[in-house]
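The data block below is run-v6.txt; it holds compact mmCIF, C-alpha atoms.
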```
# COMPACT_ATOMS: atom_id res chain seq x y z
CA MET A 1 31.81 -14.43 101.38
CA PHE A 2 32.41 -10.69 100.90
CA LYS A 3 35.62 -10.69 98.85
CA GLN A 4 35.42 -7.06 97.69
CA VAL A 5 34.50 -5.77 101.16
CA VAL A 6 37.34 -7.74 102.78
CA TYR A 7 39.74 -6.56 100.05
CA ASN A 8 39.07 -2.92 101.04
CA THR A 9 39.16 -3.51 104.81
CA TYR A 10 42.04 -2.21 106.91
CA ILE A 11 44.45 -4.77 108.36
CA GLY A 12 44.40 -2.88 111.67
CA LYS A 13 41.02 -4.48 112.40
CA SER A 14 42.87 -7.77 112.91
CA GLN A 15 44.25 -6.74 116.33
CA LEU A 16 47.65 -7.94 115.09
CA GLY A 17 50.79 -6.01 114.36
CA ILE A 18 51.58 -6.93 110.76
CA ILE A 19 55.31 -6.82 110.04
CA ASN A 20 56.64 -6.66 106.50
CA GLN A 21 60.36 -6.39 105.70
CA GLY A 22 61.17 -5.53 109.33
CA GLY A 23 58.64 -2.72 109.76
CA ILE A 24 55.12 -2.68 111.17
CA LEU A 25 52.53 -1.86 108.50
CA GLU A 26 50.17 1.04 109.09
CA GLY A 27 46.79 -0.09 110.41
CA ASN A 28 45.08 1.52 107.42
CA THR A 29 46.84 -0.79 104.94
CA LYS A 30 44.15 -2.56 102.91
CA ILE A 31 43.96 -6.34 103.24
CA GLY A 32 43.72 -6.69 99.47
CA ASP A 33 47.02 -4.87 98.98
CA ILE A 34 49.04 -7.41 101.00
CA SER A 35 47.12 -10.71 100.78
CA TYR A 36 46.06 -13.42 98.34
CA PRO A 37 42.50 -14.51 97.52
CA CYS A 38 41.40 -17.92 98.73
CA VAL A 39 40.12 -20.14 95.97
CA ILE A 40 37.99 -23.14 96.94
CA LEU A 41 37.92 -25.56 94.01
CA ASP A 42 35.67 -28.26 95.45
CA LYS A 43 32.23 -27.61 93.92
CA ASN A 44 30.64 -29.89 96.54
CA ARG A 45 31.40 -27.43 99.32
CA ASP A 46 29.49 -24.38 100.43
CA THR A 47 32.07 -21.67 99.76
CA LEU A 48 30.09 -18.95 101.58
CA THR A 49 31.69 -19.76 104.94
CA TRP A 50 35.29 -20.19 103.74
CA PRO A 51 37.96 -17.49 104.12
CA ASP A 52 38.21 -14.78 101.48
CA TYR A 53 41.93 -13.89 101.76
CA TYR A 54 45.13 -15.12 103.39
CA LEU A 55 48.67 -14.06 104.25
CA MET A 56 51.70 -16.31 104.57
CA GLY A 57 54.27 -15.82 107.28
CA TRP A 58 55.06 -16.39 110.91
CA PHE A 59 52.89 -15.76 113.99
CA GLU A 60 54.55 -14.30 117.07
CA PRO A 61 52.15 -14.56 120.03
CA ALA A 62 52.09 -12.12 122.91
CA SER A 63 54.55 -12.72 125.73
CA ASP A 64 55.22 -11.47 129.24
CA SER A 65 57.60 -8.86 127.84
CA ASP A 66 55.33 -7.79 124.94
CA PRO A 67 51.53 -8.05 125.23
CA ALA A 68 51.00 -7.58 121.47
CA ASN A 69 50.50 -10.31 118.87
CA PHE A 70 52.41 -10.00 115.59
CA PHE A 71 52.27 -11.63 112.18
CA HIS A 72 55.44 -11.42 110.06
CA ILE A 73 54.88 -11.56 106.31
CA LEU A 74 57.69 -13.76 105.06
CA LYS A 75 59.42 -14.20 101.73
CA PRO A 76 60.90 -16.51 100.41
CA TRP A 77 57.96 -18.86 100.59
CA ASN A 78 60.01 -21.86 101.78
CA LYS A 79 60.14 -20.31 105.27
CA ILE A 80 56.38 -20.00 105.72
CA ILE A 81 55.25 -21.34 109.08
CA HIS A 82 51.70 -19.96 109.45
CA HIS A 83 48.78 -18.64 107.40
CA LEU A 84 46.53 -15.77 108.47
CA TYR A 85 43.02 -16.22 107.01
CA ILE A 86 40.44 -13.42 106.77
CA THR A 87 36.73 -14.13 106.35
CA GLY A 88 33.95 -11.63 105.68
CA ILE A 89 30.79 -12.40 107.64
CA PRO A 90 27.29 -10.88 107.54
CA LYS A 91 26.77 -8.32 110.31
CA GLY A 92 24.93 -9.78 113.25
CA ALA A 93 25.51 -13.40 112.22
CA PRO A 94 23.94 -15.56 114.96
CA SER A 95 27.18 -17.52 115.35
CA LEU A 96 30.78 -17.48 114.16
CA GLU A 97 30.97 -21.28 114.36
CA PRO A 98 30.17 -21.95 110.67
CA TYR A 99 33.20 -19.78 109.77
CA ARG A 100 35.71 -21.12 112.30
CA LEU A 101 38.65 -23.15 111.03
CA ASP A 102 39.78 -26.39 112.63
CA ASN A 103 43.09 -26.31 114.57
CA CYS A 104 43.15 -22.51 114.78
CA LEU A 105 46.05 -21.14 116.88
CA TRP A 106 44.72 -17.59 117.26
CA SER A 107 41.69 -15.61 116.17
CA SER A 108 40.04 -12.22 116.48
CA TYR A 109 36.75 -10.77 115.32
CA TYR A 110 35.79 -7.24 114.37
CA GLU A 111 32.38 -5.94 113.33
CA ASP A 112 31.68 -2.56 111.73
CA ASP A 113 28.34 -1.04 110.70
CA LEU A 114 27.88 -3.43 107.76
CA HIS A 115 30.01 -6.59 108.11
CA GLY A 116 32.04 -8.77 110.43
CA TYR A 117 35.64 -9.87 109.87
CA LEU A 118 37.08 -13.06 111.32
CA PHE A 119 40.89 -13.35 111.43
CA GLN A 120 42.34 -16.82 112.09
CA ILE A 121 45.88 -18.21 112.16
CA LEU A 122 46.77 -21.81 111.33
CA ARG A 123 50.03 -23.67 110.88
CA SER A 124 50.91 -23.81 107.19
CA ASN A 125 50.90 -27.62 107.18
CA GLU A 126 47.28 -27.79 108.43
CA LEU A 127 44.56 -28.61 105.93
CA LEU A 128 42.04 -25.84 105.53
CA LYS A 129 38.99 -27.36 107.21
CA LEU A 130 35.95 -25.77 108.78
CA LYS A 131 35.14 -26.98 112.30
CA GLN A 132 31.48 -27.47 111.39
CA TYR A 133 31.89 -28.71 107.83
CA GLU A 134 28.60 -29.82 106.34
CA PRO A 135 28.42 -30.52 102.61
CA ILE A 136 25.71 -28.92 100.52
CA SER A 137 22.77 -31.27 100.10
CA ASN A 138 21.33 -31.53 96.59
```
Encoding of this model in structure tokens:
Amino acid sequence: MFKQVVYNTYIGKSQLGIINQGGILEGNTKIGDISYPCVILDKNRDTLTWPDYYLMGWFEPASDSDPANFFHILKPWNKIIHHLYITGIPKGAPSLEPYRLDNCLWSSYYEDDLHGYLFQILRSNELLKLKQYEPISN
């Protein structure tokens, strides 16, 4: 919904450690510098609630020995296991439900003075589907 705003947002707002080529990225790394834009081609869908950007890689959830969650950016692409989706949301939205993805494994939300940012992880073989999908009525 807010592609340019999300592009310039820091990945540290995700509450994930983002690992690229064996090292943790600085929290002030811009999302747009490491991710890909989501393109929704179905003109019958309301694209305002769909994610703006995504990363491909592998999710490592917190454990007893390490309370942090990590997302490893992986290349080559044939080893991709998960996708991290980032959605810009209007500040003070009454609910996050219209933006939530079906079969989400992990999510976090951050809100600054102007916008909200929803981070969600899905398995790479999952279809991108909103939990509350409702087509636009004409």
From the options A:Gln132, A:Ser14, A:Gln4, A:Asn69, which residue's atoms come nearest to Ser108 (chain A), counting all atoms listed in the file?
A:Ser14
Choose the residue, out of A:Leu25, A:Cys38, A:Leu16, A:Ile89, that has the smallest atom-to-atom separation from Ala62 (chain A); count all atoms listed in the file.
A:Leu16
When you look at Gly23 (chain A) with a cut-off of 12 Å (counting all atoms listed in the file), what residues show up, excluding the ones that are within fewer than 3 positions of it in the same chain? I need them as a list of chain:residue names.
A:Gly17, A:Ile18, A:Ile19, A:Asn20, A:Glu26, A:Phe70, A:Phe71, A:His72, A:Ile73
Which polymer residues, protein or nucleic acid, are no farther than 12 Å from (37.1, -7.7, 104.4), counting only C-alpha atoms, as a PyMOL selection string?
chain A and resi 1-14+29-33+35+37+51-54+85-91+109-112+114-119
May I have the protein, DNA and RNA residues with an atom at most 6 Å from (29.5, -23.7, 107.4), counting all atoms listed in the file in the file's coordinates, returned as a ChimeraX atom specification?
/A:49,98-99,132-133
Taking a cut-off of 9 Å and counting all atoms listed in the file, can you build a table that, for each residue of region 41-119 of chain A near region 123-127 of chain A, reports the nearest atom pair and how far apart they are in Å (one decimal), sorted by chain then residue number, as a tab-separated table?
```
residue	atom	partner	partner_atom	distance
A:Met56	CA	A:Ser124	CA	8.0
A:Gly57	CA	A:Ser124	CA	8.7
A:Trp58	CA	A:Arg123	CA	8.8
A:Phe59	CA	A:Arg123	CA	9.0
A:Ile80	CA	A:Ser124	CA	6.8
A:Ile81	CA	A:Ser124	CA	5.3
A:His82	CA	A:Arg123	CA	4.3
A:His83	CA	A:Ser124	CA	5.6
A:Leu84	CA	A:Arg123	CA	9.0
A:Asp102	CA	A:Leu127	CA	8.5
A:Asn103	CA	A:Glu126	CA	7.6
A:Cys104	CA	A:Arg123	CA	8.0
A:Leu105	CA	A:Arg123	CA	7.6
```
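Taking CA of Ile121 (chain A) and CA of Ser107 (chain A) as the two end points, the separation is 6.4 Å.
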